[in-house]
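Novice: One file is attached below, entry33.txt, containing compact mmCIF, C-alpha atoms and all ligand atoms.
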```
# COMPACT_ATOMS: atom_id res chain seq x y z
CA MET A 10 -214.13 2.66 124.64
CA THR A 11 -211.91 3.28 127.68
CA ASN A 12 -211.55 0.53 130.26
CA LYS A 13 -213.52 -2.06 128.32
CA SER A 14 -212.24 -5.60 128.63
CA TYR A 15 -212.12 -8.33 125.97
CA ASP A 16 -210.97 -11.96 125.77
CA VAL A 17 -209.15 -11.15 122.53
CA VAL A 18 -208.28 -7.95 120.66
CA VAL A 19 -207.68 -8.37 116.91
CA ILE A 20 -205.68 -5.61 115.20
CA GLY A 21 -206.52 -4.89 111.53
CA ALA A 22 -209.87 -5.43 109.76
CA GLY A 23 -208.66 -6.85 106.47
CA VAL A 24 -209.47 -10.38 105.47
CA MET A 25 -207.20 -11.86 108.17
CA GLY A 26 -208.55 -9.77 111.03
CA THR A 27 -212.19 -10.25 110.06
CA SER A 28 -211.74 -14.02 109.62
CA CYS A 29 -209.87 -14.36 112.93
CA ALA A 30 -212.53 -12.25 114.70
CA TYR A 31 -215.35 -14.35 113.24
CA HIS A 32 -213.76 -17.69 114.10
CA LEU A 33 -212.89 -16.50 117.63
CA VAL A 34 -216.46 -15.35 118.34
CA LYS A 35 -217.67 -18.74 117.08
CA LYS A 36 -215.52 -20.33 119.79
CA GLY A 37 -217.28 -18.19 122.40
CA PHE A 38 -214.68 -15.44 122.90
CA LYS A 39 -215.61 -11.79 123.44
CA VAL A 40 -213.64 -9.99 120.73
CA ALA A 41 -212.71 -6.40 119.79
CA LEU A 42 -211.61 -5.72 116.20
CA ILE A 43 -209.57 -2.52 115.92
CA GLU A 44 -208.98 -0.86 112.56
CA LYS A 45 -207.21 2.43 111.87
CA ILE A 46 -209.34 3.12 108.76
CA ASP A 47 -212.35 0.89 108.08
CA ILE A 48 -213.22 -2.69 107.17
CA ALA A 49 -211.40 -3.91 104.02
CA ARG A 50 -209.55 -0.67 103.35
CA GLY A 51 -206.02 -2.13 103.24
CA THR A 52 -204.68 -4.74 100.80
CA SER A 53 -207.89 -6.77 101.04
CA SER A 54 -209.63 -4.19 98.81
CA HIS A 55 -206.69 -3.65 96.42
CA CYS A 56 -206.39 -7.17 95.06
CA ASP A 57 -207.84 -9.86 92.82
CA ALA A 58 -210.50 -12.19 94.02
CA VAL A 59 -209.60 -15.84 93.78
CA ALA A 60 -208.89 -18.82 96.00
CA LEU A 61 -206.72 -21.13 93.94
CA ILE A 62 -205.09 -24.50 94.33
CA VAL A 63 -203.05 -24.23 91.09
CA ASP A 64 -200.86 -21.43 92.46
CA LYS A 65 -199.78 -23.27 95.61
CA MET A 66 -196.55 -25.22 96.00
CA PRO A 67 -196.90 -28.96 96.73
CA GLY A 68 -196.78 -29.68 100.48
CA VAL A 69 -198.03 -27.46 103.31
CA ASP A 70 -198.82 -24.52 101.00
CA ALA A 71 -201.20 -26.67 98.92
CA ALA A 72 -202.61 -28.37 102.05
CA LEU A 73 -203.51 -24.98 103.59
CA GLY A 74 -204.91 -23.76 100.25
CA TYR A 75 -207.05 -26.85 99.73
CA ALA A 76 -208.37 -26.85 103.30
CA SER A 77 -209.27 -23.15 102.84
CA ILE A 78 -211.26 -23.90 99.68
CA GLN A 79 -213.19 -26.58 101.59
CA ARG A 80 -213.81 -24.07 104.38
CA PHE A 81 -215.04 -21.47 101.82
CA LEU A 82 -217.64 -23.97 100.60
CA GLU A 83 -218.87 -24.33 104.21
CA LEU A 84 -218.83 -20.54 104.75
CA LYS A 85 -221.07 -20.02 101.72
CA ASN A 86 -223.86 -21.59 103.78
CA GLU A 87 -222.65 -20.46 107.21
CA LEU A 88 -222.49 -16.69 106.48
CA SER A 89 -225.73 -14.84 105.72
CA TYR A 90 -224.08 -12.03 103.71
CA ASP A 91 -223.45 -13.19 100.13
CA PHE A 92 -219.75 -12.90 99.28
CA GLU A 93 -220.30 -14.16 95.70
CA LEU A 94 -218.41 -17.43 95.99
CA HIS A 95 -218.33 -19.50 92.80
CA GLN A 96 -216.32 -22.55 91.82
CA LYS A 97 -215.58 -22.26 88.10
CA GLY A 98 -212.03 -23.59 88.25
CA SER A 99 -208.83 -21.92 87.10
CA MET A 100 -206.28 -22.43 84.38
CA TYR A 101 -202.61 -21.76 83.62
CA ALA A 102 -201.61 -21.21 79.99
CA CYS A 103 -198.10 -21.93 78.72
CA GLU A 104 -196.43 -19.82 76.07
CA THR A 105 -193.37 -21.99 75.44
CA ASP A 106 -192.49 -25.70 75.41
CA GLN A 107 -190.15 -25.04 78.34
CA GLU A 108 -193.04 -23.62 80.41
CA MET A 109 -195.30 -26.51 79.40
CA ASP A 110 -192.64 -28.96 80.55
CA ILE A 111 -192.28 -27.23 83.95
CA ALA A 112 -196.07 -26.85 84.33
CA SER A 113 -196.64 -30.56 83.54
CA LYS A 114 -194.06 -31.61 86.15
CA TYR A 115 -195.70 -29.28 88.69
CA ALA A 116 -199.17 -30.68 87.85
CA LYS A 117 -197.92 -34.27 88.16
CA SER A 118 -196.44 -33.63 91.59
CA MET A 119 -199.74 -32.07 92.70
CA GLN A 120 -201.65 -35.08 91.25
CA ASP A 121 -199.33 -37.40 93.22
CA ASP A 122 -200.44 -35.54 96.36
CA GLY A 123 -204.08 -36.21 95.43
CA TYR A 124 -205.12 -32.84 93.91
CA ASP A 125 -207.46 -32.77 90.96
CA ILE A 126 -205.37 -31.02 88.27
CA ASP A 127 -205.63 -31.72 84.52
CA ILE A 128 -202.87 -31.23 81.96
CA LEU A 129 -204.35 -29.61 78.82
CA ASN A 130 -203.08 -29.86 75.25
CA PRO A 131 -203.45 -26.77 72.99
CA LYS A 132 -206.84 -27.95 71.66
CA GLU A 133 -208.21 -28.53 75.17
CA LEU A 134 -206.90 -25.12 76.26
CA LEU A 135 -208.92 -23.44 73.49
CA GLU A 136 -212.00 -25.49 74.35
CA HIS A 137 -211.82 -23.92 77.83
CA GLU A 138 -211.02 -20.44 76.54
CA PRO A 139 -211.89 -19.97 72.84
CA PHE A 140 -210.66 -16.33 72.75
CA MET A 141 -207.09 -17.14 73.76
CA ALA A 142 -204.17 -16.86 71.30
CA LYS A 143 -204.04 -19.86 68.98
CA ASP A 144 -200.31 -20.58 69.29
CA LEU A 145 -200.15 -21.45 73.01
CA LYS A 146 -198.58 -24.76 73.99
CA GLY A 147 -201.23 -26.01 76.44
CA GLY A 148 -201.82 -25.54 80.14
CA ILE A 149 -203.07 -26.97 83.40
CA PHE A 150 -206.53 -26.68 84.98
CA SER A 151 -208.17 -27.39 88.31
CA LYS A 152 -211.92 -27.27 88.79
CA ALA A 153 -211.47 -26.91 92.57
CA CYS A 154 -210.44 -23.22 92.33
CA CYS A 155 -212.91 -20.55 93.44
CA GLY A 156 -213.64 -16.87 92.90
CA LEU A 157 -215.33 -14.47 95.32
CA ASN A 158 -215.71 -10.80 96.24
CA PRO A 159 -212.97 -9.98 98.80
CA PHE A 160 -214.64 -6.79 100.19
CA LYS A 161 -217.88 -8.67 100.69
CA LEU A 162 -216.01 -11.54 102.33
CA CYS A 163 -214.64 -9.16 105.01
CA PHE A 164 -218.11 -7.67 105.56
CA ALA A 165 -219.66 -11.16 105.66
CA PHE A 166 -217.31 -12.25 108.48
CA VAL A 167 -218.08 -9.09 110.48
CA ASP A 168 -221.80 -8.97 109.76
CA GLN A 169 -222.34 -12.49 111.09
CA VAL A 170 -221.04 -11.78 114.60
CA LYS A 171 -221.07 -7.98 115.12
CA GLY A 172 -222.92 -7.19 118.35
CA LYS A 173 -223.07 -10.93 119.15
CA GLY A 174 -219.63 -11.18 120.72
CA LEU A 175 -217.76 -8.82 118.37
CA ASP A 176 -217.28 -5.05 118.83
CA VAL A 177 -215.71 -3.21 115.89
CA TYR A 178 -213.65 -0.04 116.49
CA SER A 179 -213.10 1.63 113.09
CA TYR A 180 -210.96 4.77 112.69
CA THR A 181 -209.03 3.68 115.77
CA ASP A 182 -205.25 3.55 115.59
CA VAL A 183 -203.31 1.09 117.76
CA LYS A 184 -200.48 3.00 119.42
CA GLY A 185 -199.01 0.45 121.82
CA ILE A 186 -199.42 -2.88 123.59
CA LYS A 187 -199.10 -3.01 127.36
CA LEU A 188 -197.11 -5.94 128.81
CA ASN A 189 -196.84 -6.97 132.47
CA ASP A 190 -193.64 -7.80 134.37
CA LYS A 191 -193.70 -11.36 132.91
CA ASN A 192 -193.75 -9.85 129.39
CA ALA A 193 -197.35 -11.05 128.91
CA VAL A 194 -200.08 -9.01 127.16
CA GLU A 195 -202.19 -6.78 129.45
CA GLY A 196 -203.98 -4.53 127.00
CA VAL A 197 -203.97 -2.35 123.88
CA GLU A 198 -203.40 1.42 123.76
CA THR A 199 -205.24 3.24 120.97
CA ASP A 200 -205.76 6.88 120.02
CA LYS A 201 -209.29 6.50 121.43
CA GLY A 202 -208.36 4.88 124.75
CA PHE A 203 -207.23 1.64 126.39
CA LEU A 204 -208.71 -1.87 126.00
CA SER A 205 -207.87 -4.46 128.59
CA THR A 206 -207.12 -7.99 127.26
CA LYS A 207 -204.75 -10.95 127.77
CA LYS A 208 -204.65 -11.84 124.07
CA VAL A 209 -203.86 -9.82 120.96
CA VAL A 210 -203.79 -11.01 117.34
CA ASN A 211 -201.63 -8.97 114.96
CA CYS A 212 -203.48 -9.02 111.59
CA ALA A 213 -202.06 -5.76 110.29
CA GLY A 214 -200.81 -7.11 106.94
CA VAL A 215 -197.93 -5.04 105.53
CA TRP A 216 -198.11 -2.89 108.67
CA SER A 217 -197.69 -5.90 111.00
CA PRO A 218 -193.96 -5.14 111.61
CA GLU A 219 -195.06 -1.91 113.41
CA ILE A 220 -197.41 -3.87 115.66
CA GLY A 221 -194.58 -6.37 116.22
CA LYS A 222 -192.19 -3.62 117.34
CA MET A 223 -194.69 -2.63 120.04
CA VAL A 224 -193.76 -5.85 121.90
CA GLY A 225 -190.17 -6.24 120.67
CA VAL A 226 -191.05 -8.91 118.08
CA ASP A 227 -189.38 -8.69 114.67
CA ILE A 228 -191.80 -9.51 111.83
CA PRO A 229 -189.90 -9.38 108.52
CA VAL A 230 -192.92 -8.69 106.28
CA LYS A 231 -192.14 -6.50 103.24
CA PRO A 232 -194.72 -4.79 100.97
CA ARG A 233 -194.68 -6.38 97.49
CA LYS A 234 -196.68 -4.25 95.11
CA GLY A 235 -199.10 -5.43 92.42
CA VAL A 236 -200.95 -3.43 89.75
CA ILE A 237 -204.33 -4.44 88.27
CA LEU A 238 -206.17 -3.02 85.22
CA VAL A 239 -209.97 -3.02 84.96
CA SER A 240 -211.57 -3.32 81.51
CA ALA A 241 -214.81 -1.75 80.35
CA THR A 242 -217.75 -4.15 80.47
CA SER A 243 -217.98 -6.52 77.53
CA PHE A 244 -219.62 -9.74 76.44
CA PRO A 245 -218.29 -12.64 78.61
CA PHE A 246 -215.27 -13.69 76.52
CA CYS A 247 -213.34 -15.18 79.46
CA ASN A 248 -214.89 -18.04 81.41
CA GLN A 249 -212.66 -18.37 84.46
CA LYS A 250 -209.48 -17.13 86.15
CA VAL A 251 -206.62 -17.64 83.68
CA GLN A 252 -202.96 -17.01 84.31
CA GLU A 253 -199.83 -17.44 82.29
CA PHE A 254 -197.52 -20.03 83.82
CA GLY A 255 -194.99 -17.18 84.11
CA TYR A 256 -197.11 -16.15 87.13
CA MET A 257 -195.49 -19.00 89.05
CA VAL A 258 -192.10 -17.72 87.88
CA SER A 259 -192.94 -14.20 89.12
CA LYS A 260 -194.23 -15.54 92.46
CA PHE A 261 -191.68 -18.20 93.36
CA ALA A 262 -187.93 -18.01 92.82
CA GLU A 263 -187.89 -21.84 92.43
CA PHE A 264 -189.38 -21.72 88.90
CA LYS A 265 -186.85 -20.53 86.36
CA CYS A 266 -187.47 -20.04 82.64
CA LYS A 267 -186.82 -17.55 79.88
CA ARG A 268 -189.25 -14.63 79.88
CA ASP A 269 -190.16 -11.59 77.77
CA PRO A 270 -187.85 -8.58 78.65
CA ASP A 271 -190.78 -6.38 79.88
CA VAL A 272 -191.99 -9.27 82.00
CA GLU A 273 -188.54 -9.66 83.49
CA LYS A 274 -188.05 -5.93 84.15
CA TYR A 275 -191.29 -5.36 86.10
CA ASN A 276 -191.84 -8.98 87.19
CA VAL A 277 -195.15 -8.92 85.32
CA ALA A 278 -197.22 -12.03 84.68
CA PHE A 279 -200.55 -12.07 82.90
CA THR A 280 -203.66 -12.91 84.91
CA ILE A 281 -207.28 -12.31 83.98
CA GLU A 282 -210.49 -12.86 85.89
CA PRO A 283 -214.06 -12.06 84.93
CA SER A 284 -216.12 -10.05 87.42
CA LYS A 285 -219.82 -10.47 88.13
CA ALA A 286 -220.41 -7.14 86.33
CA ASN A 287 -218.69 -8.40 83.12
CA ASN A 288 -215.53 -6.36 83.48
CA VAL A 289 -212.29 -8.26 83.56
CA LEU A 290 -209.50 -7.66 86.07
CA ILE A 291 -206.12 -7.91 84.34
CA GLY A 292 -202.88 -8.25 86.25
CA SER A 293 -200.30 -8.14 87.50
CA SER A 294 -196.85 -7.10 88.66
CA ARG A 295 -194.70 -8.03 91.67
CA ASN A 296 -192.07 -5.58 92.85
CA PHE A 297 -190.69 -4.14 96.07
CA ALA A 298 -191.45 -0.40 95.89
CA GLY A 299 -192.44 0.63 99.40
CA TYR A 300 -195.99 1.15 100.67
CA GLY A 301 -197.25 3.45 97.88
CA VAL A 302 -200.16 2.30 95.72
CA ASN A 303 -199.74 4.54 92.68
CA THR A 304 -199.84 2.80 89.29
CA GLU A 305 -196.91 3.53 86.97
CA ILE A 306 -197.56 3.89 83.24
CA GLU A 307 -194.64 1.55 82.35
CA ILE A 308 -196.14 -1.25 84.43
CA ILE A 309 -199.65 -0.61 83.06
CA HIS A 310 -198.15 -0.83 79.58
CA ALA A 311 -196.27 -4.07 80.30
CA ILE A 312 -199.43 -5.67 81.77
CA ALA A 313 -201.55 -4.59 78.78
CA LYS A 314 -198.92 -5.94 76.35
CA ARG A 315 -198.91 -9.32 78.10
CA ALA A 316 -202.71 -9.42 78.20
CA ILE A 317 -203.01 -8.81 74.46
CA ARG A 318 -200.44 -11.56 73.86
CA PHE A 319 -202.72 -14.10 75.57
CA TYR A 320 -206.15 -12.64 74.61
CA PRO A 321 -205.71 -10.72 71.31
CA ILE A 322 -209.35 -9.56 71.59
CA LEU A 323 -208.29 -7.26 74.46
CA LYS A 324 -206.67 -4.95 71.89
CA GLU A 325 -210.21 -3.86 70.97
CA MET A 326 -211.22 -3.07 74.57
CA ASN A 327 -210.76 -0.06 76.83
CA CYS A 328 -209.24 -0.02 80.25
CA ILE A 329 -211.42 2.07 82.58
CA ARG A 330 -209.11 2.19 85.59
CA SER A 331 -206.05 0.80 87.30
CA TYR A 332 -205.24 0.24 90.96
CA ALA A 333 -202.46 -1.22 93.05
CA GLY A 334 -202.10 -3.00 96.36
CA VAL A 335 -199.20 -4.19 98.52
CA ARG A 336 -198.91 -7.87 99.37
CA PRO A 337 -197.52 -8.83 102.80
CA PHE A 338 -194.44 -10.75 101.61
CA LEU A 339 -192.21 -13.08 103.62
CA ASP A 340 -189.12 -14.80 102.18
CA ALA A 341 -190.39 -18.18 103.43
CA HIS A 342 -193.47 -17.99 101.12
CA LEU A 343 -195.54 -19.34 104.00
CA PRO A 344 -197.55 -17.12 106.34
CA LEU A 345 -197.03 -16.74 110.06
CA ILE A 346 -200.01 -18.26 111.95
CA THR A 347 -198.54 -18.42 115.38
CA ASP A 348 -198.17 -17.53 119.02
CA VAL A 349 -194.87 -16.08 120.28
CA ASP A 350 -193.15 -17.82 123.23
CA LYS A 351 -191.39 -14.73 124.55
CA VAL A 352 -194.63 -12.66 124.66
CA PRO A 353 -197.44 -14.78 126.18
CA GLY A 354 -200.81 -13.73 124.73
CA TYR A 355 -199.35 -12.31 121.50
CA TYR A 356 -200.42 -13.98 118.22
CA ILE A 357 -199.58 -13.23 114.59
CA ALA A 358 -201.58 -13.93 111.40
CA THR A 359 -199.77 -12.30 108.50
CA GLY A 360 -197.34 -12.72 105.61
CA HIS A 361 -199.81 -14.33 103.16
CA GLU A 362 -198.38 -12.37 100.18
CA GLY A 363 -200.62 -13.01 97.13
CA ASP A 364 -202.74 -15.64 98.90
CA GLY A 365 -204.37 -13.82 101.79
CA ILE A 366 -207.93 -13.93 100.45
CA SER A 367 -207.50 -17.58 99.56
CA LEU A 368 -205.99 -18.62 102.91
CA SER A 369 -208.14 -16.44 105.18
CA PRO A 370 -210.76 -19.04 106.19
CA MET A 371 -208.21 -21.53 107.50
CA THR A 372 -206.00 -18.83 109.03
CA GLY A 373 -208.94 -17.58 111.10
CA ARG A 374 -209.89 -21.09 112.08
CA LEU A 375 -206.31 -22.07 113.06
CA ILE A 376 -205.81 -18.91 115.15
CA SER A 377 -209.11 -19.57 116.97
CA GLU A 378 -208.06 -23.18 117.68
CA LEU A 379 -204.64 -22.03 118.91
CA ILE A 380 -206.16 -19.45 121.27
CA ALA A 381 -208.79 -21.92 122.49
CA GLY A 382 -205.99 -24.39 123.34
CA GLU A 383 -207.41 -26.99 120.93
CA LYS A 384 -205.47 -29.28 118.59
CA PRO A 385 -205.24 -27.28 115.36
CA TYR A 386 -206.75 -28.71 112.15
CA LEU A 387 -203.28 -28.54 110.52
CA ASP A 388 -199.82 -28.83 112.06
CA LEU A 389 -198.76 -25.25 112.81
CA ALA A 390 -195.00 -25.89 112.91
CA PRO A 391 -194.40 -24.60 109.32
CA PHE A 392 -196.29 -21.38 110.20
CA SER A 393 -194.65 -20.87 113.57
CA TYR A 394 -192.66 -17.80 114.62
CA ASN A 395 -189.97 -20.22 115.79
CA ARG A 396 -189.38 -21.68 112.33
CA SER A 397 -185.94 -20.84 110.95
CA LYS A 398 -185.61 -17.06 111.36
CA LYS A 399 -183.54 -17.04 108.18
CA ASN A 400 -186.64 -18.16 106.22
CA ASN A 401 -189.16 -15.86 107.82
C1 LIG B 501 -202.63 -6.95 93.12
C2 LIG B 501 -202.96 -7.98 94.16
C3 LIG B 501 -203.75 -9.08 93.81
C4 LIG B 501 -204.06 -10.05 94.77
N1 LIG B 501 -204.88 -11.09 94.43
C5 LIG B 501 -205.18 -12.03 95.36
C6 LIG B 501 -206.04 -13.12 95.02
O1 LIG B 501 -206.60 -13.21 93.93
N2 LIG B 501 -206.24 -14.09 95.96
C7 LIG B 501 -205.65 -14.03 97.18
O2 LIG B 501 -205.82 -14.95 97.98
N3 LIG B 501 -204.89 -12.98 97.56
C8 LIG B 501 -204.64 -11.99 96.67
N4 LIG B 501 -203.83 -10.94 97.00
C9 LIG B 501 -203.25 -10.91 98.35
C10 LIG B 501 -204.25 -10.44 99.39
O3 LIG B 501 -204.92 -9.28 98.94
C11 LIG B 501 -203.53 -10.17 100.72
O4 LIG B 501 -202.74 -11.29 101.07
C12 LIG B 501 -204.55 -9.92 101.82
O5 LIG B 501 -205.48 -8.94 101.43
C13 LIG B 501 -203.85 -9.51 103.12
O6 LIG B 501 -204.86 -9.30 104.07
P1 LIG B 501 -204.53 -8.75 105.51
O7 LIG B 501 -205.78 -8.80 106.29
O8 LIG B 501 -203.33 -9.47 106.03
O9 LIG B 501 -204.04 -7.23 105.26
P2 LIG B 501 -204.92 -5.93 105.01
O10 LIG B 501 -206.11 -6.19 104.18
O11 LIG B 501 -203.97 -4.88 104.53
O12 LIG B 501 -205.43 -5.55 106.46
C14 LIG B 501 -204.57 -5.01 107.44
C15 LIG B 501 -205.34 -3.92 108.14
O13 LIG B 501 -204.60 -3.50 109.31
C16 LIG B 501 -204.90 -2.13 109.52
N5 LIG B 501 -203.89 -1.54 110.40
C17 LIG B 501 -202.58 -1.35 110.14
N6 LIG B 501 -201.98 -0.73 111.18
C18 LIG B 501 -202.94 -0.54 112.12
C19 LIG B 501 -202.94 0.07 113.41
N7 LIG B 501 -201.83 0.64 113.94
N8 LIG B 501 -204.09 0.13 114.09
C20 LIG B 501 -205.23 -0.41 113.56
N9 LIG B 501 -205.29 -0.99 112.34
C21 LIG B 501 -204.16 -1.05 111.63
C22 LIG B 501 -204.87 -1.57 108.10
O14 LIG B 501 -205.56 -0.34 108.00
C23 LIG B 501 -205.54 -2.68 107.30
O15 LIG B 501 -206.93 -2.47 107.12
C24 LIG B 501 -203.54 -9.93 96.09
C25 LIG B 501 -202.81 -8.80 96.44
C26 LIG B 501 -202.52 -7.83 95.49
C27 LIG B 501 -201.73 -6.62 95.89
```
Show how you would write the structure in this file as structure tokens.

Specialist:
Amino acid sequence: MTNKSYDVVVIGAGVMGTSCAYHLVKKGFKVALIEKIDIARGTSSHCDAVALIVDKMPGVDAALGYASIQRFLELKNELSYDFELHQKGSMYACETDQEMDIASKYAKSMQDDGYDIDILNPKELLEHEPFMAKDLKGGIFSKACCGLNPFKLCFAFVDQVKGKGLDVYSYTDVKGIKLNDKNAVEGVETDKGFLSTKKVVNCAGVWSPEIGKMVGVDIPVKPRKGVILVSATSFPFCNQKVQEFGYMVSKFAEFKCKRDPDVEKYNVAFTIEPSKANNVLIGSSRNFAGYGVNTEIEIIHAIAKRAIRFYPILKEMNCIRSYAGVRPFLDAHLPLITDVDKVPGYYIATGHEGDGISLSPMTGRLISELIAGEKPYLDLAPFSYNRSKKNN
């Protein structure tokens, strides 16, 4: 690889890096994608598989989420490799009247912003999902939400442009970034050699702080772990992605309501999604426990207990495996999609926490527009490195 030169070097081949690389090649840039392991081997293969609107906060979060869903629908036709996109919608179920009250207010504020979200009474909830517990208080539903295969999405982005403007360097570890005397990017040092470039995009997910340190940029991303259980195959008893409204409580500090003690202890909230192979993925937890991806028996137990509460039929089913991933968390709950004034040529696309798959299409598009010097599709101020450092 030594002494090759690229318009842009993208670091990290998860969903962010592959989307950025794809969108940059589409703009005509010659791009290198560098990955220390292989495509989709970080958080983008240790996650669920949905692009939702019902888990976004009203405002810029929802705007980015909605624009990404629209972009997914375009990508379904644009990318040759099938990444199994489907639009079956998604639902939140409420266990208590207090949750139903908060969920209804949330749905109304999203409706006021023009999003298609229905408020469901208990009967309507069971019409959507007949196998759910009969004592739930109702829920909210949006038919705009999508599901997809996140591994295949990463491969689809790469497959479309590899060899046609994109070179992929797998098993290549970035060791440093060379700056010139004006503090601008000059190239990337790896364990396999040096690549010359004036532009670098840091898409290293939970490892992005390390790539930040290489140019003296502080990126306050923290790994926030989540555990998922996989059921044995069964008849299709669950029609769509379903979550308990407590998921919003576990994700955002803004939502406060009384929760089950196990839920509180491990910050667990029930989620379920059917896979194409008729397994269900059951989640999930949210805790700060370093970079490790082991799955603790107490958390598995708490997730299973919550799952049976919402789908009693799960008591009859076996769990065939569990896995965990680490979400790239930022206090601001909004990703960084940004350049950095003090290091010309250095860009960051990270901090998407539990929404990286969902937000990847627009993140890639916005980074490509920023690098091309075009007016971005959305205002980038809320995603800028210069936003209040306290909230980063
Ligand atoms: C349990 C769980 C469930 C989730 N469910 C969903 C969901 O349903 N929908 C959704 O939208 N999001 C979901 N997420 C979040 C989503 O998975 C992440 O936001 C997303 O995968 C982050 O992608 P990324 O490309 O930023 O990071 P990654 O996929 O981790 O990619 C970063 C890459 O950088 C590489 N790298 C690091 N350091 C270097 C280096 N020095 N040199 C070269 N390469 C390097 C790594 O090897 C890695 O491959 C979930 C996450 C978890 C944990």

Novice: With 6 Å added on each side, what axis-aligned box encloses every listed atom of ligand LIG 501 (chain B)? Give the centre and edge lengths in Å to one decimal, as lines of an AutoDock Vina configuration file.

Specialist:
```
center_x = -204.3
center_y = -7.2
center_z = 103.6
size_x = 17.2
size_y = 27.6
size_z = 33.0
```

Novice: For Asn248 in chain A, which residue out of A:Tyr31, A:Phe140, A:Phe38, A:Phe81 is the nearest one, using only C-alpha atoms?

Specialist: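 Counting only C-alpha atoms, the residue closest to Asn248 in chain A is A:Phe140.
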
Novice: Select, from A:Asp110, A:Glu198, A:Glu104, A:Glu136, the residue with the minimum atom-to-atom distance to Ile20 in chain A, counting only C-alpha atoms.

Specialist: A:Glu198

Novice: Need to verify the contact set: range 296-310 of chain A, 9 Å, only C-alpha atoms, exclusion of same-chain residues closer than 3 positions in sequence. Can you return it as a PyMOL selection string?

Specialist: chain A and resi 55+215+231-238+271+275-277+292-293+313-315+331-335

Novice: Could you state the separation of CA of Gln120 in chain A and CA of Lys267 in chain A in Å, given to one decimal place?

Specialist: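 Separation between CA of Gln120 in chain A and CA of Lys267 in chain A: 25.6 Å.
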